[in-house]
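S.K.: Before we start, here is the structure in question, set down as structure tokens.
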Amino acid sequence: MADPYRHQQHHFQTHHPRGGGGVKNLLPGKGGGPSATQLLTIVTLLPVGGTLLGLAGITLIGTLIGLAVATPVFIIFSPILVPAVILLTGAVTAFLTSGAFGLTGLSSLSWVFNSFRRVTGGEPLEYAKRRVQDATAAVGEKTRQAGEMVGEKTKQTGEAIKGRAQEGGRESGGAGVARAQIGL
């Protein structure tokens, strides 16, 4: 069976801009010559393009002369310039790395703060305040207990000294009491 699309002809339509055939208008002959707008454009752009091309050439020549003059200076001062460039590169790298680490640290702290708030359901400062209050109460209780224990030990030590003093007073009269008060 034959392909029905095989014998179709393809038509291409070309659109021409108004005013003629584009480049053909710039060529002498059939087109009738360039329009006044085209001539004005060429007359305006030719000096501007020539001036810019001349400036580019002057810049290229100046760059080559500067490179020819500076190359011996670079070779002479390379023992100083190469370490200086390495040092500056390292300093800039360290500065940028420090900034990156700082931003990473801040974002990590922010993440920890937000996750802590989500887990506890409140602000970390309120939680910390409660923990400090609880710790203060516990320390106060321990201090009170330690004070009571020191008081009891002091009372026991006082009674022991008093008992020894009385025993020493019986043995030697009044001299034992004096020794006990001195601590002998």
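Letters A, B, ... go to the chains of the structure tokens in the order shown; residues in each chain start at 1; ligands are counted from 1 in the same order.
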Give the alpha helix (DSSP H) residues of range 26-81 of chain A, as assigned by DSSP on the backbone, as a ChimeraX atom specification.

M.R.: /A:36-81

S.K.: Mind giving me the straight-line distance from CA of Arg131 in chain A to CA of Gly102 in chain A in Å, one decimal?

M.R.: 29.3 Å

S.K.: As an exercise, work out the distance from CA of Phe116 in chain A to CA of Ala128 in chain A in Å and give it to one decimal place.

M.R.: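 CA of Ala128 in chain A lies at a distance of 11.4 Å from CA of Phe116 in chain A.
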